[in-house]
$ cat target30.txt   # compact mmCIF, N, CA and C atoms
# COMPACT_ATOMS: atom_id res chain seq x y z
N MET A 836 180.12 155.50 252.20
CA MET A 836 180.56 154.50 251.24
C MET A 836 180.66 153.13 251.88
N ILE A 837 181.14 153.08 253.13
CA ILE A 837 181.30 151.77 253.78
C ILE A 837 179.96 151.06 253.94
N ALA A 838 178.88 151.82 254.02
CA ALA A 838 177.55 151.22 254.17
C ALA A 838 177.20 150.36 252.96
N LYS A 839 177.79 150.63 251.80
CA LYS A 839 177.50 149.86 250.61
C LYS A 839 178.30 148.55 250.56
N ILE A 840 179.30 148.41 251.40
CA ILE A 840 180.12 147.21 251.43
C ILE A 840 179.42 146.18 252.32
N PRO A 841 179.15 144.99 251.80
CA PRO A 841 178.47 143.97 252.61
C PRO A 841 179.26 143.63 253.87
N ALA A 842 178.56 143.26 254.92
CA ALA A 842 179.20 142.95 256.20
C ALA A 842 180.30 141.90 256.05
N ALA A 843 180.05 140.87 255.24
CA ALA A 843 181.05 139.80 255.06
C ALA A 843 182.34 140.33 254.46
N ALA A 844 182.26 141.42 253.69
CA ALA A 844 183.43 141.99 253.02
C ALA A 844 184.12 143.06 253.87
N ARG A 845 183.67 143.21 255.12
CA ARG A 845 184.28 144.20 256.01
C ARG A 845 185.19 143.57 257.06
N ALA A 846 185.06 142.26 257.25
CA ALA A 846 185.82 141.58 258.30
C ALA A 846 187.32 141.63 258.00
N ASN A 847 188.11 141.94 259.02
CA ASN A 847 189.56 142.02 258.86
C ASN A 847 190.17 140.64 259.07
N ASP A 848 189.83 139.73 258.14
CA ASP A 848 190.38 138.38 258.17
C ASP A 848 190.39 137.84 256.74
N LYS A 849 190.86 136.62 256.59
CA LYS A 849 191.00 136.01 255.27
C LYS A 849 189.67 135.97 254.52
N SER A 850 188.61 135.53 255.17
CA SER A 850 187.31 135.43 254.49
C SER A 850 186.79 136.82 254.12
N GLY A 851 187.06 137.81 254.95
CA GLY A 851 186.65 139.18 254.64
C GLY A 851 187.39 139.72 253.42
N GLY A 852 188.68 139.41 253.32
CA GLY A 852 189.47 139.84 252.16
C GLY A 852 188.99 139.20 250.87
N VAL A 853 188.65 137.92 250.95
CA VAL A 853 188.13 137.22 249.77
C VAL A 853 186.77 137.81 249.37
N ALA A 854 185.90 138.02 250.35
CA ALA A 854 184.57 138.59 250.08
C ALA A 854 184.70 140.01 249.51
N PHE A 855 185.64 140.79 250.03
CA PHE A 855 185.85 142.14 249.51
C PHE A 855 186.31 142.10 248.05
N SER A 856 187.20 141.18 247.73
CA SER A 856 187.70 141.06 246.36
C SER A 856 186.57 140.72 245.39
N ARG A 857 185.68 139.84 245.81
CA ARG A 857 184.50 139.51 244.99
C ARG A 857 183.61 140.75 244.85
N PHE A 858 183.42 141.48 245.95
CA PHE A 858 182.59 142.69 245.94
C PHE A 858 183.17 143.73 244.96
N TYR A 859 184.50 143.84 244.92
CA TYR A 859 185.14 144.80 244.02
C TYR A 859 184.73 144.51 242.57
N PHE A 860 184.77 143.24 242.16
CA PHE A 860 184.41 142.92 240.78
C PHE A 860 182.91 143.07 240.53
N GLY A 861 182.09 142.87 241.55
CA GLY A 861 180.66 143.17 241.42
C GLY A 861 180.43 144.66 241.21
N THR A 862 181.21 145.47 241.91
CA THR A 862 181.13 146.92 241.77
C THR A 862 181.62 147.34 240.39
N LEU A 863 182.62 146.65 239.86
CA LEU A 863 183.10 146.90 238.50
C LEU A 863 181.94 146.70 237.50
N ASN A 864 181.21 145.60 237.64
CA ASN A 864 180.06 145.35 236.78
C ASN A 864 179.05 146.49 236.86
N SER A 865 178.71 146.89 238.07
CA SER A 865 177.74 147.96 238.27
C SER A 865 178.21 149.27 237.64
N ALA A 866 179.49 149.59 237.80
CA ALA A 866 180.02 150.84 237.26
C ALA A 866 179.92 150.88 235.74
N PHE A 867 180.23 149.77 235.08
CA PHE A 867 180.16 149.74 233.62
C PHE A 867 178.71 149.77 233.12
N LYS A 868 177.77 149.32 233.93
CA LYS A 868 176.36 149.36 233.52
C LYS A 868 175.71 150.71 233.80
N THR A 869 176.17 151.40 234.85
CA THR A 869 175.53 152.67 235.23
C THR A 869 176.33 153.90 234.82
N GLY A 870 177.63 153.73 234.60
CA GLY A 870 178.48 154.88 234.29
C GLY A 870 178.98 155.59 235.54
N ASP A 871 178.64 155.09 236.72
CA ASP A 871 179.07 155.71 237.97
C ASP A 871 180.32 155.01 238.49
N SER A 872 181.45 155.69 238.40
CA SER A 872 182.73 155.09 238.81
C SER A 872 183.16 155.47 240.23
N GLU A 873 182.35 156.24 240.94
CA GLU A 873 182.75 156.76 242.25
C GLU A 873 183.06 155.66 243.27
N LEU A 874 182.16 154.70 243.44
CA LEU A 874 182.40 153.63 244.41
C LEU A 874 183.57 152.76 243.97
N LEU A 875 183.65 152.46 242.68
CA LEU A 875 184.75 151.65 242.16
C LEU A 875 186.09 152.31 242.50
N ALA A 876 186.20 153.60 242.28
CA ALA A 876 187.43 154.33 242.58
C ALA A 876 187.73 154.33 244.08
N ALA A 877 186.70 154.41 244.89
CA ALA A 877 186.88 154.48 246.34
C ALA A 877 187.34 153.15 246.94
N LEU A 878 187.14 152.04 246.22
CA LEU A 878 187.50 150.73 246.74
C LEU A 878 188.96 150.36 246.50
N ALA A 879 189.68 151.23 245.76
CA ALA A 879 191.06 150.90 245.39
C ALA A 879 191.99 152.08 245.64
N SER A 880 193.25 151.76 245.79
CA SER A 880 194.27 152.78 245.92
C SER A 880 194.44 153.51 244.59
N PRO A 881 194.63 154.83 244.63
CA PRO A 881 194.91 155.55 243.39
C PRO A 881 196.25 155.14 242.78
N ARG A 882 197.06 154.40 243.54
CA ARG A 882 198.36 153.91 243.04
C ARG A 882 198.25 152.54 242.36
N CYS A 883 197.03 152.04 242.20
CA CYS A 883 196.81 150.75 241.52
C CYS A 883 196.51 151.04 240.05
N PRO A 884 197.49 150.83 239.15
CA PRO A 884 197.26 151.16 237.73
C PRO A 884 196.09 150.42 237.10
N THR A 885 195.95 149.14 237.38
CA THR A 885 194.85 148.37 236.80
C THR A 885 193.51 148.90 237.29
N CYS A 886 193.43 149.19 238.58
CA CYS A 886 192.19 149.71 239.16
C CYS A 886 191.81 151.04 238.52
N MET A 887 192.81 151.92 238.37
CA MET A 887 192.54 153.23 237.78
C MET A 887 192.20 153.10 236.30
N ALA A 888 192.74 152.09 235.62
CA ALA A 888 192.38 151.85 234.22
C ALA A 888 190.90 151.44 234.11
N PHE A 889 190.42 150.65 235.07
CA PHE A 889 189.00 150.29 235.09
C PHE A 889 188.14 151.54 235.27
N VAL A 890 188.53 152.40 236.22
CA VAL A 890 187.79 153.65 236.47
C VAL A 890 187.80 154.51 235.20
N ASP A 891 188.97 154.64 234.57
CA ASP A 891 189.08 155.42 233.33
C ASP A 891 188.19 154.83 232.23
N GLY A 892 188.13 153.51 232.15
CA GLY A 892 187.29 152.85 231.15
C GLY A 892 185.82 153.20 231.33
N VAL A 893 185.36 153.21 232.58
CA VAL A 893 183.97 153.59 232.87
C VAL A 893 183.74 155.04 232.45
N GLU A 894 184.69 155.91 232.80
CA GLU A 894 184.53 157.34 232.50
C GLU A 894 184.59 157.60 230.99
N GLN A 895 185.43 156.85 230.26
CA GLN A 895 185.48 157.02 228.81
C GLN A 895 184.17 156.59 228.15
N LEU A 896 183.61 155.48 228.61
CA LEU A 896 182.31 155.05 228.08
C LEU A 896 181.26 156.12 228.36
N ASN A 897 181.30 156.66 229.56
CA ASN A 897 180.36 157.70 229.96
C ASN A 897 180.46 158.91 229.03
N GLU A 898 181.68 159.32 228.72
CA GLU A 898 181.89 160.46 227.83
C GLU A 898 181.32 160.19 226.44
N GLN A 899 181.33 158.93 226.04
CA GLN A 899 180.77 158.54 224.73
C GLN A 899 179.26 158.26 224.81
N GLU A 900 178.70 158.50 226.02
CA GLU A 900 177.28 158.22 226.30
C GLU A 900 176.94 156.76 226.01
N ARG A 901 177.84 155.88 226.47
CA ARG A 901 177.65 154.44 226.30
C ARG A 901 177.75 153.75 227.65
N ARG A 902 177.23 152.53 227.68
CA ARG A 902 177.31 151.70 228.88
C ARG A 902 177.18 150.25 228.45
N TYR A 903 177.50 149.35 229.37
CA TYR A 903 177.36 147.93 229.09
C TYR A 903 175.95 147.48 229.46
N GLY A 904 175.40 146.60 228.63
CA GLY A 904 174.04 146.13 228.84
C GLY A 904 173.95 144.86 229.68
N GLY A 905 175.01 144.54 230.41
CA GLY A 905 175.01 143.36 231.28
C GLY A 905 176.29 143.31 232.08
N ASP A 906 176.38 142.33 232.95
CA ASP A 906 177.59 142.17 233.76
C ASP A 906 178.76 141.73 232.87
N LEU A 907 179.85 142.47 232.96
CA LEU A 907 181.03 142.19 232.14
C LEU A 907 181.78 140.96 232.63
N VAL A 908 181.88 140.80 233.94
CA VAL A 908 182.68 139.71 234.49
C VAL A 908 181.90 138.92 235.54
N SER A 909 182.31 137.66 235.70
CA SER A 909 181.85 136.89 236.85
C SER A 909 183.09 136.27 237.48
N VAL A 910 183.11 136.25 238.78
CA VAL A 910 184.21 135.64 239.51
C VAL A 910 183.86 134.17 239.68
N THR A 911 184.65 133.31 239.02
CA THR A 911 184.36 131.88 239.10
C THR A 911 184.99 131.24 240.33
N SER A 912 186.09 131.84 240.82
CA SER A 912 186.65 131.39 242.09
C SER A 912 187.50 132.51 242.68
N ALA A 913 187.56 132.52 243.99
CA ALA A 913 188.38 133.49 244.73
C ALA A 913 188.90 132.79 245.97
N SER A 914 190.21 132.87 246.17
CA SER A 914 190.79 132.21 247.33
C SER A 914 192.00 132.99 247.83
N ALA A 915 192.22 132.91 249.12
CA ALA A 915 193.38 133.58 249.70
C ALA A 915 194.64 132.87 249.21
N LEU A 916 195.52 133.64 248.64
CA LEU A 916 196.77 133.11 248.11
C LEU A 916 197.85 133.23 249.17
N ASN A 917 197.86 134.36 249.80
CA ASN A 917 198.84 134.72 250.80
C ASN A 917 198.09 135.55 251.82
N PHE A 918 198.19 135.27 253.08
CA PHE A 918 197.50 136.11 254.06
C PHE A 918 198.32 136.24 255.33
N SER A 919 199.52 136.79 255.16
CA SER A 919 200.38 137.05 256.30
C SER A 919 200.12 138.48 256.80
N THR A 920 200.75 138.86 257.87
CA THR A 920 200.56 140.19 258.44
C THR A 920 200.87 141.29 257.43
N ASN A 921 201.93 141.13 256.66
CA ASN A 921 202.36 142.20 255.75
C ASN A 921 201.98 141.98 254.29
N ASN A 922 201.36 140.85 253.97
CA ASN A 922 201.06 140.56 252.57
C ASN A 922 199.76 139.79 252.48
N LYS A 923 198.72 140.48 252.03
CA LYS A 923 197.41 139.85 251.91
C LYS A 923 197.02 139.84 250.43
N GLN A 924 196.95 138.64 249.86
CA GLN A 924 196.65 138.51 248.44
C GLN A 924 195.53 137.50 248.21
N VAL A 925 194.70 137.82 247.23
CA VAL A 925 193.60 136.94 246.84
C VAL A 925 193.75 136.63 245.36
N LEU A 926 193.64 135.35 245.02
CA LEU A 926 193.67 134.91 243.63
C LEU A 926 192.23 134.82 243.14
N LEU A 927 191.95 135.48 242.02
CA LEU A 927 190.60 135.48 241.46
C LEU A 927 190.63 134.96 240.03
N GLU A 928 189.73 134.04 239.74
CA GLU A 928 189.54 133.54 238.38
C GLU A 928 188.30 134.24 237.85
N ILE A 929 188.45 134.84 236.67
CA ILE A 929 187.40 135.69 236.11
C ILE A 929 186.97 135.18 234.74
N ASP A 930 185.67 135.16 234.51
CA ASP A 930 185.13 134.96 233.17
C ASP A 930 184.65 136.31 232.68
N GLN A 931 185.23 136.80 231.57
CA GLN A 931 184.74 138.02 230.96
C GLN A 931 183.71 137.62 229.93
N LYS A 932 182.54 138.24 230.02
CA LYS A 932 181.43 137.88 229.16
C LYS A 932 181.35 138.81 227.96
N SER A 933 180.76 138.31 226.91
CA SER A 933 180.47 139.13 225.75
C SER A 933 179.13 139.82 226.04
N VAL A 934 179.19 141.14 226.25
CA VAL A 934 177.96 141.89 226.58
C VAL A 934 177.76 143.02 225.57
N PRO A 935 176.51 143.41 225.37
CA PRO A 935 176.25 144.49 224.43
C PRO A 935 176.72 145.84 224.98
N VAL A 936 177.23 146.66 224.09
CA VAL A 936 177.54 148.06 224.42
C VAL A 936 176.36 148.86 223.89
N LEU A 937 175.76 149.66 224.77
CA LEU A 937 174.55 150.40 224.42
C LEU A 937 174.84 151.90 224.39
N ASN A 938 174.14 152.61 223.50
CA ASN A 938 174.29 154.07 223.47
C ASN A 938 173.22 154.71 224.34
N GLU A 939 173.12 156.04 224.27
CA GLU A 939 172.22 156.78 225.17
C GLU A 939 170.74 156.44 224.97
N VAL A 940 170.38 155.90 223.82
CA VAL A 940 168.98 155.50 223.59
C VAL A 940 168.82 153.98 223.59
N ASN A 941 169.79 153.30 224.19
CA ASN A 941 169.78 151.84 224.35
C ASN A 941 169.89 151.06 223.04
N ASP A 942 170.43 151.69 222.00
CA ASP A 942 170.72 150.95 220.77
C ASP A 942 172.01 150.17 220.97
N HIS A 943 172.05 148.96 220.45
CA HIS A 943 173.23 148.09 220.53
C HIS A 943 174.25 148.61 219.51
N VAL A 944 175.40 149.10 220.01
CA VAL A 944 176.42 149.69 219.12
C VAL A 944 177.73 148.92 219.13
N GLY A 945 177.79 147.84 219.87
CA GLY A 945 179.01 147.04 219.93
C GLY A 945 178.84 145.90 220.91
N THR A 946 179.89 145.11 221.01
CA THR A 946 179.89 143.97 221.92
C THR A 946 181.29 143.81 222.49
N THR A 947 181.38 143.50 223.77
CA THR A 947 182.68 143.28 224.39
C THR A 947 183.16 141.86 224.06
N PRO A 948 184.46 141.64 224.02
CA PRO A 948 184.96 140.29 223.78
C PRO A 948 184.85 139.42 225.03
N ALA A 949 184.65 138.14 224.82
CA ALA A 949 184.62 137.19 225.94
C ALA A 949 186.03 136.67 226.18
N GLY A 950 186.28 136.21 227.39
CA GLY A 950 187.58 135.63 227.69
C GLY A 950 187.66 135.21 229.15
N LYS A 951 188.81 134.71 229.51
CA LYS A 951 189.07 134.30 230.89
C LYS A 951 190.34 134.97 231.34
N ALA A 952 190.43 135.26 232.64
CA ALA A 952 191.64 135.88 233.18
C ALA A 952 191.77 135.50 234.64
N SER A 953 192.98 135.59 235.12
CA SER A 953 193.27 135.41 236.55
C SER A 953 193.92 136.68 237.04
N PHE A 954 193.53 137.10 238.22
CA PHE A 954 194.09 138.29 238.84
C PHE A 954 194.56 137.97 240.25
N ILE A 955 195.62 138.64 240.67
CA ILE A 955 196.02 138.62 242.07
C ILE A 955 195.73 140.01 242.62
N ALA A 956 194.87 140.06 243.63
CA ALA A 956 194.55 141.31 244.30
C ALA A 956 195.37 141.38 245.58
N THR A 957 196.20 142.42 245.68
CA THR A 957 196.94 142.68 246.91
C THR A 957 196.11 143.69 247.70
N LEU A 958 195.75 143.31 248.92
CA LEU A 958 194.82 144.10 249.72
C LEU A 958 195.52 144.84 250.85
N GLY A 959 194.92 145.95 251.21
CA GLY A 959 195.33 146.68 252.41
C GLY A 959 194.10 146.86 253.28
N PHE A 960 194.30 146.95 254.58
CA PHE A 960 193.19 147.18 255.51
C PHE A 960 193.57 148.39 256.37
N LYS A 961 192.87 149.51 256.13
CA LYS A 961 193.15 150.75 256.86
C LYS A 961 191.83 151.40 257.23
N ALA A 962 191.84 152.07 258.36
CA ALA A 962 190.67 152.81 258.82
C ALA A 962 189.41 151.94 258.80
N GLY A 963 189.58 150.66 259.16
CA GLY A 963 188.44 149.77 259.30
C GLY A 963 187.87 149.22 258.02
N ARG A 964 188.62 149.34 256.92
CA ARG A 964 188.09 148.78 255.67
C ARG A 964 189.20 148.36 254.73
N TRP A 965 188.85 147.43 253.83
CA TRP A 965 189.76 146.92 252.81
C TRP A 965 189.87 147.88 251.65
N SER A 966 190.97 147.78 250.93
CA SER A 966 191.09 148.42 249.62
C SER A 966 192.02 147.55 248.77
N ILE A 967 191.84 147.67 247.46
CA ILE A 967 192.73 146.98 246.52
C ILE A 967 193.95 147.88 246.36
N GLU A 968 195.10 147.40 246.76
CA GLU A 968 196.33 148.17 246.64
C GLU A 968 197.01 147.92 245.30
N ARG A 969 196.84 146.71 244.79
CA ARG A 969 197.43 146.34 243.50
C ARG A 969 196.60 145.22 242.91
N LEU A 970 196.38 145.27 241.61
CA LEU A 970 195.62 144.24 240.92
C LEU A 970 196.45 143.84 239.70
N GLN A 971 196.94 142.61 239.73
CA GLN A 971 197.82 142.14 238.66
C GLN A 971 197.14 141.01 237.91
N LYS A 972 197.19 141.12 236.59
CA LYS A 972 196.71 140.02 235.76
C LYS A 972 197.82 138.96 235.73
N VAL A 973 197.42 137.72 235.96
CA VAL A 973 198.36 136.61 235.94
C VAL A 973 198.53 136.16 234.50
N ALA A 974 199.77 136.03 234.06
CA ALA A 974 200.02 135.57 232.70
C ALA A 974 199.51 134.14 232.53
N SER A 975 198.84 133.90 231.41
CA SER A 975 198.28 132.56 231.21
C SER A 975 199.13 131.74 230.26
$ encode --input "target30.txt" --output "structure tokens"
Amino acid sequence: MIAKIPAAARANDKSGGVAFSRFYFGTLNSAFKTGDSELLAALASPRCPTCMAFVDGVEQLNEQERRYGGDLVSVTSASALNFSTNNKQVLLEIDQKSVPVLNEVNDHVGTTPAGKASFIATLGFKAGRWSIERLQKVAS
């Protein structure tokens, strides 16, 4: 699994944490387009409710034989908010796109809503790699 993580997102420093956070949302896009939630789940702690909700969302779409026909989100900015020894956080600004929901024969059966959101990703670094320990939506 670590082989799929870009080198820039493996560094145990501020820039590595920011790159990993961006990679997580790229993996989210891929999971919703392919129905494969394995890598998405592996990038986060099972104790992260938001992260597990994303994994569940991919799996529910899969059960309905549906997928997204494009990238759901784009990260418009990502920056280290806090990067002390015991608290590593990245602030991410996200644009959620309106994308088609496709069924098993690629018929357009719905559309996701567009919007904007901010998230704070609390990161952990164990066994030589990052993980999302907590993902909180920032109230707007």
$ closest_residue --input "target30.txt" --among "A:Leu907, A:Leu916, A:Leu926, A:Leu958" --to "Ser865 in chain A" --atoms "only N, CA and C atoms"
A:Leu907
$ select_by_dssp --input "target30.txt" --residues "range 838-925 of chain A" --states "strand (DSSP E)" --output "PyMOL selection string"
chain A and resi 902-903+908-918+923-925
$ write_last_selection --input "target30.txt" --atoms "N, CA and C atoms" --output "PDB file, in the frame of the given file"
ATOM      1  N   ARG A 902     177.230 152.530 227.680  1.00  0.00           N
ATOM      2  CA  ARG A 902     177.310 151.700 228.880  1.00  0.00           C
ATOM      3  C   ARG A 902     177.180 150.250 228.450  1.00  0.00           C
ATOM      4  N   TYR A 903     177.500 149.350 229.370  1.00  0.00           N
ATOM      5  CA  TYR A 903     177.360 147.930 229.090  1.00  0.00           C
ATOM      6  C   TYR A 903     175.950 147.480 229.460  1.00  0.00           C
ATOM      7  N   VAL A 908     181.880 140.800 233.940  1.00  0.00           N
ATOM      8  CA  VAL A 908     182.680 139.710 234.490  1.00  0.00           C
ATOM      9  C   VAL A 908     181.900 138.920 235.540  1.00  0.00           C
ATOM     10  N   SER A 909     182.310 137.660 235.700  1.00  0.00           N
ATOM     11  CA  SER A 909     181.850 136.890 236.850  1.00  0.00           C
ATOM     12  C   SER A 909     183.090 136.270 237.480  1.00  0.00           C
ATOM     13  N   VAL A 910     183.110 136.250 238.780  1.00  0.00           N
ATOM     14  CA  VAL A 910     184.210 135.640 239.510  1.00  0.00           C
ATOM     15  C   VAL A 910     183.860 134.170 239.680  1.00  0.00           C
ATOM     16  N   THR A 911     184.650 133.310 239.020  1.00  0.00           N
ATOM     17  CA  THR A 911     184.360 131.880 239.100  1.00  0.00           C
ATOM     18  C   THR A 911     184.990 131.240 240.330  1.00  0.00           C
ATOM     19  N   SER A 912     186.090 131.840 240.820  1.00  0.00           N
ATOM     20  CA  SER A 912     186.650 131.390 242.090  1.00  0.00           C
ATOM     21  C   SER A 912     187.500 132.510 242.680  1.00  0.00           C
ATOM     22  N   ALA A 913     187.560 132.520 243.990  1.00  0.00           N
ATOM     23  CA  ALA A 913     188.380 133.490 244.730  1.00  0.00           C
ATOM     24  C   ALA A 913     188.900 132.790 245.970  1.00  0.00           C
ATOM     25  N   SER A 914     190.210 132.870 246.170  1.00  0.00           N
ATOM     26  CA  SER A 914     190.790 132.210 247.330  1.00  0.00           C
ATOM     27  C   SER A 914     192.000 132.990 247.830  1.00  0.00           C
ATOM     28  N   ALA A 915     192.220 132.910 249.120  1.00  0.00           N
ATOM     29  CA  ALA A 915     193.380 133.580 249.700  1.00  0.00           C
ATOM     30  C   ALA A 915     194.640 132.870 249.210  1.00  0.00           C
ATOM     31  N   LEU A 916     195.520 133.640 248.640  1.00  0.00           N
ATOM     32  CA  LEU A 916     196.770 133.110 248.110  1.00  0.00           C
ATOM     33  C   LEU A 916     197.850 133.230 249.170  1.00  0.00           C
ATOM     34  N   ASN A 917     197.860 134.360 249.800  1.00  0.00           N
ATOM     35  CA  ASN A 917     198.840 134.720 250.800  1.00  0.00           C
ATOM     36  C   ASN A 917     198.090 135.550 251.820  1.00  0.00           C
ATOM     37  N   PHE A 918     198.190 135.270 253.080  1.00  0.00           N
ATOM     38  CA  PHE A 918     197.500 136.110 254.060  1.00  0.00           C
ATOM     39  C   PHE A 918     198.320 136.240 255.330  1.00  0.00           C
ATOM     40  N   LYS A 923     198.720 140.480 252.030  1.00  0.00           N
ATOM     41  CA  LYS A 923     197.410 139.850 251.910  1.00  0.00           C
ATOM     42  C   LYS A 923     197.020 139.840 250.430  1.00  0.00           C
ATOM     43  N   GLN A 924     196.950 138.640 249.860  1.00  0.00           N
ATOM     44  CA  GLN A 924     196.650 138.510 248.440  1.00  0.00           C
ATOM     45  C   GLN A 924     195.530 137.500 248.210  1.00  0.00           C
ATOM     46  N   VAL A 925     194.700 137.820 247.230  1.00  0.00           N
ATOM     47  CA  VAL A 925     193.600 136.940 246.840  1.00  0.00           C
ATOM     48  C   VAL A 925     193.750 136.630 245.360  1.00  0.00           C
TER      49      VAL A 925
END
$ closest_residue --input "target30.txt" --among "A:Trp965, A:Phe867, A:Gly851, A:Gly861" --to "Gly892 in chain A" --atoms "all atoms listed in the file"
A:Phe867
$ closest_residue --input "target30.txt" --among "A:Pro881, A:Arg969, A:Phe860, A:Ala915" --to "Asp930 in chain A" --atoms "only C-alpha atoms"
A:Phe860
$ atom_distance --input "target30.txt" --atom1 "CA of Gly945 in chain A" --atom2 "atom N of Gly870 in chain A"
16.2 Å
$ closest_residue --input "target30.txt" --among "A:Cys886, A:Asp891, A:Phe918, A:Glu900" --to "Leu970 in chain A" --atoms "all atoms listed in the file"
A:Cys886
$ atom_distance --input "target30.txt" --atom1 "CA of Asp871 in chain A" --atom2 "CA of Glu968 in chain A"
20.7 Å
$ closest_residue --input "target30.txt" --among "A:Lys972, A:Lys961, A:Arg901, A:Lys932" --to "Pro948 in chain A" --atoms "only N, CA and C atoms"
A:Lys932
$ decode --input "target30.txt" --residues "range 840-855 of chain A" --atoms "N, CA and C atoms" --output "compact mmCIF listing (two decimals), in the first residue's frame"
# COMPACT_ATOMS: atom_id res chain seq x y z
N ILE A 840 1.58 5.57 -2.28
CA ILE A 840 1.67 6.90 -1.71
C ILE A 840 2.86 7.62 -2.36
N PRO A 841 2.65 8.78 -2.96
CA PRO A 841 3.76 9.50 -3.59
C PRO A 841 4.88 9.81 -2.60
N ALA A 842 6.09 9.87 -3.09
CA ALA A 842 7.25 10.12 -2.22
C ALA A 842 7.08 11.40 -1.41
N ALA A 843 6.55 12.45 -2.03
CA ALA A 843 6.38 13.73 -1.32
C ALA A 843 5.44 13.59 -0.13
N ALA A 844 4.51 12.64 -0.19
CA ALA A 844 3.52 12.44 0.86
C ALA A 844 3.99 11.44 1.92
N ARG A 845 5.24 11.02 1.82
CA ARG A 845 5.79 10.07 2.81
C ARG A 845 6.73 10.73 3.80
N ALA A 846 7.19 11.94 3.48
CA ALA A 846 8.17 12.61 4.34
C ALA A 846 7.56 12.94 5.70
N ASN A 847 8.32 12.67 6.75
CA ASN A 847 7.86 12.93 8.12
C ASN A 847 8.19 14.37 8.50
N ASP A 848 7.55 15.30 7.78
CA ASP A 848 7.72 16.73 8.07
C ASP A 848 6.46 17.46 7.63
N LYS A 849 6.45 18.76 7.82
CA LYS A 849 5.27 19.57 7.52
C LYS A 849 4.82 19.42 6.07
N SER A 850 5.76 19.52 5.13
CA SER A 850 5.39 19.42 3.71
C SER A 850 4.87 18.02 3.38
N GLY A 851 5.43 17.00 4.02
CA GLY A 851 4.94 15.63 3.81
C GLY A 851 3.52 15.46 4.32
N GLY A 852 3.22 16.06 5.47
CA GLY A 852 1.87 15.99 6.02
C GLY A 852 0.85 16.68 5.14
N VAL A 853 1.23 17.83 4.59
CA VAL A 853 0.34 18.56 3.69
C VAL A 853 0.13 17.74 2.41
N ALA A 854 1.21 17.21 1.85
CA ALA A 854 1.11 16.40 0.62
C ALA A 854 0.26 15.15 0.87
N PHE A 855 0.42 14.53 2.03
CA PHE A 855 -0.38 13.35 2.36
C PHE A 855 -1.87 13.70 2.44
